[in-house]
Structures are given as structure tokens and as C-alpha cells.
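Source file start.txt; content: compact mmCIF, C-alpha atoms and all ligand atoms.
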```
# COMPACT_ATOMS: atom_id res chain seq x y z
CA MET A 1 45.48 27.32 19.81
CA SER A 2 44.71 24.78 17.11
CA HIS A 3 45.96 21.32 16.20
CA SER A 4 44.78 19.83 12.96
CA LEU A 5 42.56 17.25 14.68
CA ILE A 6 41.33 19.48 17.48
CA GLN A 7 40.46 23.14 17.57
CA ILE A 8 40.63 25.03 20.84
CA GLU A 9 39.40 28.57 21.28
CA THR A 10 38.89 30.59 24.40
CA GLN A 11 35.99 32.95 24.98
CA GLY A 12 34.94 35.44 27.63
CA GLU A 13 36.40 38.66 28.95
CA HIS A 14 39.18 36.81 30.77
CA GLY A 15 39.39 33.73 28.54
CA GLU A 16 37.35 31.76 31.08
CA ILE A 17 35.57 29.45 28.59
CA ALA A 18 37.35 26.98 26.33
CA VAL A 19 35.64 25.43 23.32
CA VAL A 20 37.35 22.17 22.36
CA ARG A 21 36.17 20.91 18.99
CA LEU A 22 36.90 17.46 17.53
CA HIS A 23 37.93 18.37 14.02
CA ARG A 24 37.98 15.37 11.73
CA PRO A 25 34.62 15.85 10.02
CA SER A 26 35.45 13.84 6.88
CA LYS A 27 35.73 10.75 9.15
CA ARG A 28 32.82 11.83 11.37
CA ASN A 29 35.34 12.66 14.11
CA ALA A 30 36.27 8.99 14.46
CA LEU A 31 38.75 8.69 17.29
CA SER A 32 42.09 7.62 15.86
CA ASP A 33 44.99 7.20 18.27
CA ALA A 34 46.21 10.65 17.23
CA LEU A 35 42.82 12.21 17.97
CA ILE A 36 42.38 10.53 21.34
CA LEU A 37 45.87 11.72 22.35
CA ALA A 38 44.98 15.20 21.12
CA VAL A 39 41.89 15.10 23.38
CA ARG A 40 44.08 14.18 26.34
CA ASN A 41 46.59 16.91 25.53
CA ALA A 42 43.87 19.51 24.96
CA PHE A 43 42.37 19.03 28.41
CA ALA A 44 45.75 18.64 30.13
CA GLY A 45 46.96 21.88 28.58
CA LEU A 46 43.96 24.21 28.92
CA PRO A 47 45.06 27.80 29.56
CA ARG A 48 45.02 28.69 33.27
CA THR A 49 42.37 31.36 32.68
CA VAL A 50 39.81 28.69 31.74
CA ARG A 51 37.08 27.96 34.32
CA ALA A 52 34.76 25.74 32.22
CA ALA A 53 34.98 23.96 28.88
CA VAL A 54 32.64 22.86 26.11
CA LEU A 55 33.42 19.80 24.00
CA CYS A 56 31.80 19.58 20.56
CA GLY A 57 32.34 18.02 17.14
CA ALA A 58 32.83 19.61 13.71
CA GLY A 59 30.53 18.62 10.86
CA GLU A 60 27.29 16.65 10.94
CA HIS A 61 28.12 14.40 13.90
CA PHE A 62 29.60 14.65 17.36
CA CYS A 63 31.67 11.48 17.04
CA ALA A 64 31.55 8.11 15.24
CA GLY A 65 33.58 6.36 17.96
CA LEU A 66 36.77 4.39 17.60
CA ASP A 67 38.52 4.72 14.26
CA LEU A 68 37.80 1.20 13.05
CA SER A 69 40.49 1.40 10.36
CA GLU A 70 43.13 1.24 13.12
CA LEU A 71 41.62 -1.80 14.86
CA SER A 72 42.51 -4.63 12.53
CA GLU A 73 46.00 -5.79 13.45
CA ARG A 74 46.14 -5.31 17.23
CA ASP A 75 46.98 -8.33 19.43
CA ALA A 76 45.70 -8.77 23.00
CA GLY A 77 48.58 -6.94 24.66
CA GLU A 78 48.32 -4.01 22.28
CA GLY A 79 44.55 -3.95 22.80
CA LEU A 80 45.03 -3.73 26.55
CA HIS A 81 47.41 -0.79 26.26
CA HIS A 82 45.16 0.88 23.69
CA SER A 83 42.20 0.72 26.06
CA ARG A 84 44.35 2.05 28.90
CA MET A 85 45.38 4.97 26.68
CA TRP A 86 41.70 5.80 26.19
CA HIS A 87 41.15 5.56 29.95
CA GLU A 88 43.95 8.02 30.55
CA ALA A 89 42.61 10.46 27.94
CA LEU A 90 38.99 10.31 29.13
CA ASN A 91 40.06 10.54 32.77
CA GLN A 92 41.83 13.74 31.76
CA VAL A 93 38.44 15.03 30.57
CA GLN A 94 36.56 13.92 33.70
CA TYR A 95 39.22 14.74 36.28
CA GLY A 96 40.97 17.56 34.43
CA PRO A 97 41.16 21.15 35.57
CA VAL A 98 37.57 22.30 34.86
CA PRO A 99 34.01 21.05 34.37
CA VAL A 100 33.24 20.03 30.79
CA VAL A 101 29.88 20.41 29.03
CA ALA A 102 29.41 18.17 25.97
CA ALA A 103 27.44 19.69 23.07
CA LEU A 104 26.04 16.71 21.15
CA HIS A 105 24.54 16.42 17.70
CA GLY A 106 24.23 13.66 15.12
CA ALA A 107 26.02 10.41 15.91
CA VAL A 108 27.14 9.94 19.50
CA VAL A 109 28.17 6.34 19.10
CA GLY A 110 30.61 3.81 20.51
CA GLY A 111 33.68 5.59 21.78
CA GLY A 112 31.90 8.88 21.02
CA LEU A 113 29.34 8.01 23.69
CA GLU A 114 32.17 6.96 26.01
CA LEU A 115 33.78 10.37 25.48
CA ALA A 116 30.49 12.20 26.06
CA SER A 117 30.03 10.18 29.26
CA ALA A 118 33.32 11.47 30.62
CA CYS A 119 31.95 15.03 30.46
CA HIS A 120 30.13 16.52 33.43
CA ILE A 121 26.98 17.69 31.63
CA ARG A 122 25.58 16.62 28.27
CA VAL A 123 23.47 18.91 26.08
CA ALA A 124 21.99 17.31 22.96
CA ASP A 125 20.12 18.75 20.03
CA GLU A 126 17.25 16.96 18.29
CA THR A 127 19.56 15.42 15.67
CA ALA A 128 21.53 13.46 18.26
CA PHE A 129 21.38 9.68 18.35
CA TYR A 130 23.14 7.22 20.60
CA ALA A 131 24.32 3.67 20.01
CA LEU A 132 26.94 1.18 21.16
CA PRO A 133 27.67 -0.71 17.94
CA GLU A 134 30.59 -2.52 19.59
CA GLY A 135 28.38 -5.60 19.92
CA THR A 136 27.67 -5.57 16.18
CA ARG A 137 31.36 -5.08 15.39
CA GLY A 138 32.36 -8.06 17.55
CA ILE A 139 34.21 -5.98 20.14
CA PHE A 140 33.54 -4.47 23.58
CA VAL A 141 33.69 -0.96 24.93
CA GLY A 142 37.24 0.05 25.86
CA GLY A 143 37.09 3.73 26.72
CA GLY A 144 35.61 3.47 30.20
CA GLY A 145 32.08 3.01 28.85
CA SER A 146 31.31 0.00 31.02
CA VAL A 147 32.13 2.08 34.08
CA ARG A 148 30.53 5.40 33.12
CA ILE A 149 27.51 4.55 30.96
CA PRO A 150 25.72 2.28 33.48
CA ARG A 151 26.02 5.14 35.97
CA LEU A 152 24.05 7.32 33.55
CA ILE A 153 21.42 4.90 32.27
CA GLY A 154 21.76 1.66 34.26
CA VAL A 155 23.24 -1.73 33.41
CA ALA A 156 19.99 -3.00 31.82
CA ARG A 157 19.78 -0.25 29.19
CA MET A 158 23.46 -0.52 28.30
CA THR A 159 23.18 -4.31 28.00
CA ASP A 160 20.18 -3.86 25.67
CA MET A 161 22.03 -1.28 23.54
CA MET A 162 25.01 -3.61 23.11
CA LEU A 163 23.15 -6.89 22.71
CA THR A 164 20.58 -5.62 20.20
CA GLY A 165 22.27 -2.63 18.54
CA ARG A 166 19.40 -0.46 19.75
CA VAL A 167 19.69 3.20 18.74
CA TYR A 168 18.24 5.86 21.03
CA ASP A 169 17.01 9.03 19.39
CA ALA A 170 17.56 12.40 21.05
CA SER A 171 14.34 12.38 23.11
CA GLU A 172 14.79 8.77 24.21
CA GLY A 173 18.37 9.56 25.14
CA GLU A 174 17.30 12.50 27.27
CA ARG A 175 14.60 10.46 29.00
CA ALA A 176 17.05 7.62 29.66
CA GLY A 177 19.62 9.98 31.18
CA LEU A 178 22.20 10.12 28.39
CA ALA A 179 21.74 13.89 28.12
CA GLN A 180 20.41 16.30 30.73
CA TYR A 181 19.32 18.96 28.23
CA LEU A 182 17.52 18.59 24.89
CA VAL A 183 17.41 21.60 22.55
CA PRO A 184 16.25 22.27 18.96
CA ALA A 185 18.50 21.24 16.07
CA GLY A 186 21.61 23.40 15.89
CA GLY A 187 21.20 24.71 19.43
CA ALA A 188 23.50 22.44 21.46
CA LEU A 189 26.62 24.61 21.33
CA ASP A 190 24.81 27.79 22.38
CA LYS A 191 23.11 26.02 25.28
CA ALA A 192 26.37 24.37 26.33
CA LEU A 193 28.13 27.75 26.25
CA GLU A 194 25.35 29.30 28.34
CA LEU A 195 25.83 26.56 30.96
CA ALA A 196 29.62 26.85 30.82
CA ARG A 197 29.43 30.61 31.41
CA ARG A 198 27.29 29.96 34.46
CA ILE A 199 29.63 27.23 35.74
CA ALA A 200 32.59 29.57 35.28
CA THR A 201 31.09 31.99 37.82
CA ASN A 202 30.96 29.35 40.59
CA ALA A 203 33.50 29.35 43.37
CA PRO A 204 36.43 27.23 42.11
CA LEU A 205 36.34 24.98 45.18
CA THR A 206 32.67 24.19 44.60
CA ASN A 207 33.47 23.10 41.05
CA TYR A 208 36.43 21.12 42.35
CA ALA A 209 34.21 19.36 44.89
CA LEU A 210 31.65 18.47 42.22
CA MET A 211 34.29 17.09 39.87
CA HIS A 212 36.53 15.29 42.33
CA ALA A 213 34.62 14.63 45.55
CA LEU A 214 31.06 13.89 44.41
CA PRO A 215 31.81 10.95 42.04
CA ARG A 216 34.08 9.40 44.68
CA ILE A 217 31.57 9.90 47.47
CA ALA A 218 28.97 8.21 45.25
CA GLU A 219 31.28 5.15 45.15
CA GLN A 220 31.89 5.08 48.90
CA SER A 221 29.84 3.41 51.61
CA ALA A 222 27.36 5.84 53.18
CA ASP A 223 29.46 5.93 56.34
CA HIS A 224 32.64 6.92 54.48
CA GLY A 225 30.68 9.22 52.19
CA TYR A 226 29.32 11.29 55.06
CA LEU A 227 32.82 11.85 56.40
CA THR A 228 34.27 12.76 52.97
CA GLU A 229 31.33 15.11 52.43
CA ALA A 230 31.86 16.80 55.79
CA MET A 231 35.54 17.38 55.06
CA MET A 232 34.84 18.72 51.57
CA ALA A 233 32.09 20.97 52.91
CA ALA A 234 34.41 22.35 55.58
CA ILE A 235 37.14 23.11 53.05
CA ALA A 236 34.72 24.73 50.58
CA GLN A 237 33.04 26.96 53.12
CA SER A 238 36.35 28.16 54.55
CA ALA A 239 37.33 29.82 51.26
CA PRO A 240 37.16 33.66 51.32
CA ASP A 241 35.13 33.46 48.11
CA ALA A 242 32.44 31.37 49.84
CA LYS A 243 32.24 33.76 52.78
CA ALA A 244 31.89 36.75 50.46
CA ARG A 245 29.09 35.04 48.52
CA VAL A 246 27.12 34.19 51.67
CA ARG A 247 27.58 37.75 52.99
CA ALA A 248 26.33 39.14 49.68
CA PHE A 249 23.14 37.08 49.98
CA LEU A 250 22.54 38.04 53.60
CA GLU A 251 22.98 41.72 52.69
CA GLY A 252 20.50 41.41 49.81
CA ARG A 253 23.16 41.82 47.11
CA ALA A 254 22.95 38.33 45.59
CA ALA A 255 20.34 36.75 43.34
CA LYS A 256 17.59 34.67 44.97
CA VAL A 257 16.79 31.20 43.72
CA LYS A 258 13.90 31.54 41.30
CA LYS A 259 11.88 29.29 39.01
CA SER A 260 13.15 29.37 35.42
C1 LIG A 301 34.82 5.93 10.00
C2 LIG A 301 34.11 5.71 11.19
C3 LIG A 301 34.76 4.97 12.21
C4 LIG A 301 32.85 6.85 9.84
N1 LIG A 301 36.00 4.53 11.98
N2 LIG A 301 36.06 5.48 9.81
N3 LIG A 301 31.83 3.13 15.45
C5 LIG A 301 30.91 2.68 14.61
O1 LIG A 301 30.70 1.49 14.44
C6 LIG A 301 30.16 3.74 13.83
C7 LIG A 301 30.57 3.67 12.37
N4 LIG A 301 30.10 4.84 11.62
C8 LIG A 301 28.81 4.97 11.19
O2 LIG A 301 27.92 4.19 11.53
C9 LIG A 301 28.51 6.14 10.30
O3 LIG A 301 29.74 6.54 9.68
C10 LIG A 301 27.90 7.37 11.03
C11 LIG A 301 26.46 7.04 11.44
C12 LIG A 301 28.70 7.79 12.24
C13 LIG A 301 27.90 8.57 10.05
O4 LIG A 301 27.25 8.23 8.84
P1 LIG A 301 27.48 9.15 7.53
O5 LIG A 301 26.61 8.58 6.45
O6 LIG A 301 27.33 10.58 7.88
O7 LIG A 301 29.04 8.97 7.15
P2 LIG A 301 29.77 7.75 6.39
O8 LIG A 301 29.60 7.90 4.92
O9 LIG A 301 29.40 6.44 6.98
O10 LIG A 301 31.30 7.98 6.79
C14 LIG A 301 32.09 9.03 6.23
C15 LIG A 301 33.53 8.57 6.27
O11 LIG A 301 33.91 8.40 7.64
C16 LIG A 301 33.72 7.21 5.62
O12 LIG A 301 35.04 7.20 5.09
P3 LIG A 301 35.31 7.46 3.50
O13 LIG A 301 36.81 7.39 3.40
O14 LIG A 301 34.57 6.37 2.79
O15 LIG A 301 34.75 8.84 3.21
C17 LIG A 301 33.66 6.25 6.79
O16 LIG A 301 34.35 5.04 6.54
C18 LIG A 301 34.37 7.07 7.86
N5 LIG A 301 34.00 6.63 9.19
N6 LIG A 301 32.89 6.27 11.07
C19 LIG A 301 36.62 4.79 10.82
N7 LIG A 301 34.18 4.73 13.38
C20 LIG A 301 37.57 2.55 22.95
S1 LIG A 301 36.68 1.36 22.22
C21 LIG A 301 35.40 2.12 21.36
C22 LIG A 301 34.79 1.13 20.42
C23 LIG A 301 33.93 1.83 19.40
O17 LIG A 301 33.81 3.01 19.34
S2 LIG A 301 33.15 0.75 18.33
C24 LIG A 301 32.09 1.75 17.41
C25 LIG A 301 32.75 2.30 16.18
```
Mind converting the file's structure to C-alpha cells?
Amino acid sequence: MSHSLIQIETQGEHGEIAVVRLHRPSKRNALSDALILAVRNAFAGLPRTVRAAVLCGAGEHFCAGLDLSELSERDAGEGLHHSRMWHEALNQVQYGPVPVVAALHGAVVGGGLELASACHIRVADETAFYALPEGTRGIFVGGGGSVRIPRLIGVARMTDMMLTGRVYDASEGERAGLAQYLVPAGGALDKALELARRIATNAPLTNYALMHALPRIAEQSADHGYLTEAMMAAIAQSAPDAKARVRAFLEGRAAKVKKS
């Protein structure tokens, strides 16, 4: 399946991996309204065979953020609805059908960083750099960045990035928590695919719990969190798939945990 602004391909014996590629390289994958809607539609409409997805960008950069050429004439009401449209699209990435691994390279800036933050795992290559130039442009984040980015790097680092225009390089970004994996230049997609293939072999309810229960438990009081956790654990372990996996380990048929 392919739209002009987004390319989607499936991989794997049963089509279990989807690669969703932002495809507007001449504009550094700047997120126009059409592209952000295409992102929403891509994740809402993933084929049912898909168990994990990779999100990447065509060309030299992952994403240059909001398409600034569309910003100029919006009034307050339109700005509100525009931001809410982004929220809906990025929520579709975070709370869509499957875990999403972002493969990052080049610019991961502004709304591009907001989009990356909606993914479940971020893999960056050495060319990646991160910034929130909204401060410089006289605007504010509007794609859920003020909710998601502090949860990755803390309020203090995000405040610094926006107040001073600070740019994190790939290693600084990894150390700060913007990406969990750092790989040589050109290697982000392969690493992201490797992780996605692994994720696709998990029991579906485990992946569901990680996508939908864990972030909500992290927002709950400890008391409520323990109860939500217990209920999720009970549901996950009752699945036939879970029982078969535990039996396989006990009978020596499953891999042990080993150092990588
Ligand atoms: C764009 C955009 C864009 C590139 N909107 N057109 N984001 C920013 O403030 C980042 C702005 N972009 C840049 O700083 C640079 O373009 C990059 C570092 C990302 C890439 O640099 P480079 O040298 O590879 O490309 P370029 O020559 O700057 O750009 C190539 C073309 O893409 C050029 O258009 P052309 O018609 O002259 O060829 C650029 O104008 C265009 N382009 N970035 C529109 N962002 C939900 S709220 C989120 C708020 C934000 O995201 S604010 C941050 C916006």
C-alpha cells in the first residue's frame, strides 16, 4: 500500500511487520496537515496480519517537524483544532494496534520529535539530532510533546531545549533518554526491524499490556496501579498462548535468558 506522502510495506512470512515511511523528502518530511492525517490513517489501517511496526523517514532526515508554511494564517480557534488533530494522529501511533519502533536519522526536530515520542521504542543512528525550535519560532509544542517528552527526558531538559534552542546530538540524545538504542550511521532501520521482528513474536496480550496498561499504570497512584497491574497480569497469564510458553520453558524447549 502506498500514498504519495507515506509509504507502507509489509514484511515477514505472514506480513507481520509493517514499515511506515514518511515520504516527503524534498521538504525534509515536514508534517503538513495532509501528512499528519496520512500518519493517522496509516496506523489506523494497518493490515490485520501486522504485529509490530517501524516508523522511518525518507531522505536525509527523519522529520523537520510542523510544516511551517501552513502556520501563518491560523487564528486561535483553528490553532486549537489543529493541535487536537495532531493529538488524535499521534495517539493513533501510541495507542494503535501494535507497538511501533521509530528508526531515527538526521533531524528529529519539533513535531518530528513529538512524533518519535509517540512511538514505543526509539532507535537512532549517529547522524540523528534533536531540537525543539518552537521557542525560536515563537510558538509552543502542539503535538503532545509537553506530555510525552518530559516523560522521556524530564521537564528540566525539555525546558532547556525550548528556552535556549539547544540541539542534542545522537549520543547526547541517547544518554538523555530520547533514544534507547544508538547505532552507526545508516543502521537505524535494520536495528529497528530486528527489534520489531522480536516484538512480533511476543504474546499479543503482553504487547497489549505494554502499550495500553503500562503507561496508564505509570500515571496512577501506586495503590490503583497495583490493582490495575494485578488485573492485567491475570488476564495475560490466562491466555492459552501464555500457558504454552511457560510449559515450553519448563520442559526445556524455550530459550533461556542470556547476556547479549
Ligand atoms: C520545511 C521545513 C518545515 C524544511 N516546514 N518547510 N521545524 C523547524 O523549525 C525545523 C526547520 N527546518 C530546518 O531547520 C532544516 O530544514 C533541517 C535541519 C530540518 C534540514 O536542513 P536541510 O539543509 O537538509 O534542508 P533545507 O534546505 O533547510 O530544507 C529543504 C526544503 O524543506 C526547503 O524548502 P525549498 O522549497 O526551499 O526546497 C525548506 O524550506 C523545507 N523545509 N523544514 C516547512 N518545518 C504540532 S506543533 C509542532 C511545532 C513544530 O514542529 S515547530 C518546528 C518546525
*Given only C-alpha atoms as the counted atoms, nearest of A:Lys259, A:His14, A:Arg74, A:His87 to Arg40 of chain A*: A:His87
Chain A residues near ligand LIG 301 (chain A) within 10 Å, closest pair each, using all atoms listed in the file, as a tab-separated table:
```
residue	atom	partner	partner_atom	distance
A:Arg24	CA	A:LIG301	O11	9.0
A:Pro25	CA	A:LIG301	O11	7.9
A:Ser26	CA	A:LIG301	C15	5.6
A:Lys27	CA	A:LIG301	O11	3.3
A:Arg28	CA	A:LIG301	O11	5.2
A:Asn29	CA	A:LIG301	N6	7.5
A:Ala30	CA	A:LIG301	C3	4.8
A:Leu31	CA	A:LIG301	N7	7.2
A:Ser32	CA	A:LIG301	N1	7.9
A:Asp33	CA	A:LIG301	C20	9.9
A:Ile36	CA	A:LIG301	C20	9.5
A:Gly59	CA	A:LIG301	O6	9.2
A:Glu60	CA	A:LIG301	O6	6.8
A:His61	CA	A:LIG301	C12	6.8
A:Phe62	CA	A:LIG301	C12	8.6
A:Cys63	CA	A:LIG301	C12	6.7
A:Ala64	CA	A:LIG301	C12	4.2
A:Gly65	CA	A:LIG301	O17	3.6
A:Leu66	CA	A:LIG301	O17	3.7
A:Asp67	CA	A:LIG301	N1	3.4
A:Leu68	CA	A:LIG301	N1	3.9
A:Ser69	CA	A:LIG301	C19	5.2
A:Glu70	CA	A:LIG301	C19	7.8
A:Leu71	CA	A:LIG301	N1	8.9
A:Gly79	CA	A:LIG301	S1	9.5
A:His82	CA	A:LIG301	C20	7.8
A:Ser83	CA	A:LIG301	C20	5.9
A:Arg84	CA	A:LIG301	C20	9.0
A:Met85	CA	A:LIG301	C20	9.0
A:Trp86	CA	A:LIG301	C20	6.2
A:His87	CA	A:LIG301	C20	8.4
A:Gly106	CA	A:LIG301	C11	7.9
A:Ala107	CA	A:LIG301	C12	5.2
A:Val108	CA	A:LIG301	C12	7.7
A:Val109	CA	A:LIG301	N3	6.1
A:Gly110	CA	A:LIG301	O17	3.5
A:Gly111	CA	A:LIG301	O17	3.6
A:Gly112	CA	A:LIG301	O17	6.4
A:Leu113	CA	A:LIG301	O17	8.0
A:Glu114	CA	A:LIG301	C21	7.4
A:Leu115	CA	A:LIG301	C20	9.1
A:Phe129	CA	A:LIG301	C11	9.0
A:Tyr130	CA	A:LIG301	C11	9.7
A:Ala131	CA	A:LIG301	C24	8.4
A:Leu132	CA	A:LIG301	C24	6.4
A:Pro133	CA	A:LIG301	C24	5.1
A:Glu134	CA	A:LIG301	S2	4.3
A:Gly135	CA	A:LIG301	S2	8.1
A:Thr136	CA	A:LIG301	O1	7.9
A:Arg137	CA	A:LIG301	O1	6.7
A:Gly138	CA	A:LIG301	S2	8.9
A:Ile139	CA	A:LIG301	S2	7.0
A:Phe140	CA	A:LIG301	C22	6.6
A:Val141	CA	A:LIG301	S1	4.7
A:Gly142	CA	A:LIG301	C20	3.9
A:Gly143	CA	A:LIG301	C20	4.0
A:Gly144	CA	A:LIG301	C20	7.6
A:Gly145	CA	A:LIG301	C20	8.1
```
*For atom CA of Ile6 of chain A and atom CA of Ala42 of chain A, quote the distance in Å rounded to one decimal.*
7.9 Å
_Taking only C-alpha atoms into account, name the residue in A:Ala44, A:Ala196, A:Gly77, A:Ala128 that is nearest to Asn91 of chain A._
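Checking each of A:Ala44, A:Ala196, A:Gly77, A:Ala128 against Asn91 of chain A, counting only C-alpha atoms, the winner is A:Ala44.
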Grab all the atoms of segment 198-216 of chain A that the file lists, wrap them in a box along x, y and z, add 6 Å per side, and give me centre plus edge lengths in Å (one decimal) as AutoDock Vina command-line options.
```
--center_x 31.9 --center_y 20.7 --center_z 40.0 --size_x 21.2 --size_y 34.6 --size_z 23.1
```
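Going from atom CA of Val98 of chain A to atom CA of Phe43 of chain A covers 8.7 Å.
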_Residue neighbourhood Pro150 of chain A, 12 Å, all atoms listed in the file, exclusion window fewer than 4 positions, as number ranges by chain_ = A: 113-114, 117, 144-146, 154-162, 176-178
*Do you have the atom CA of Pro47 of chain A-atom CA of Leu214 of chain A distance handy?*
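These atoms are spaced 24.7 Å apart.
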*Rank nothing, just name the residue among A:Gln7, A:Gln237, A:Gln220, A:Ser72 nearest to Leu46 of chain A, using only C-alpha atoms.*
A:Gln7
*Taking all atoms listed in the file into account, which of A:Arg151, A:His23, A:Arg166, A:Arg197 comes nearest Val100 of chain A?*
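The answer is A:Arg197, which sits nearest to Val100 of chain A.
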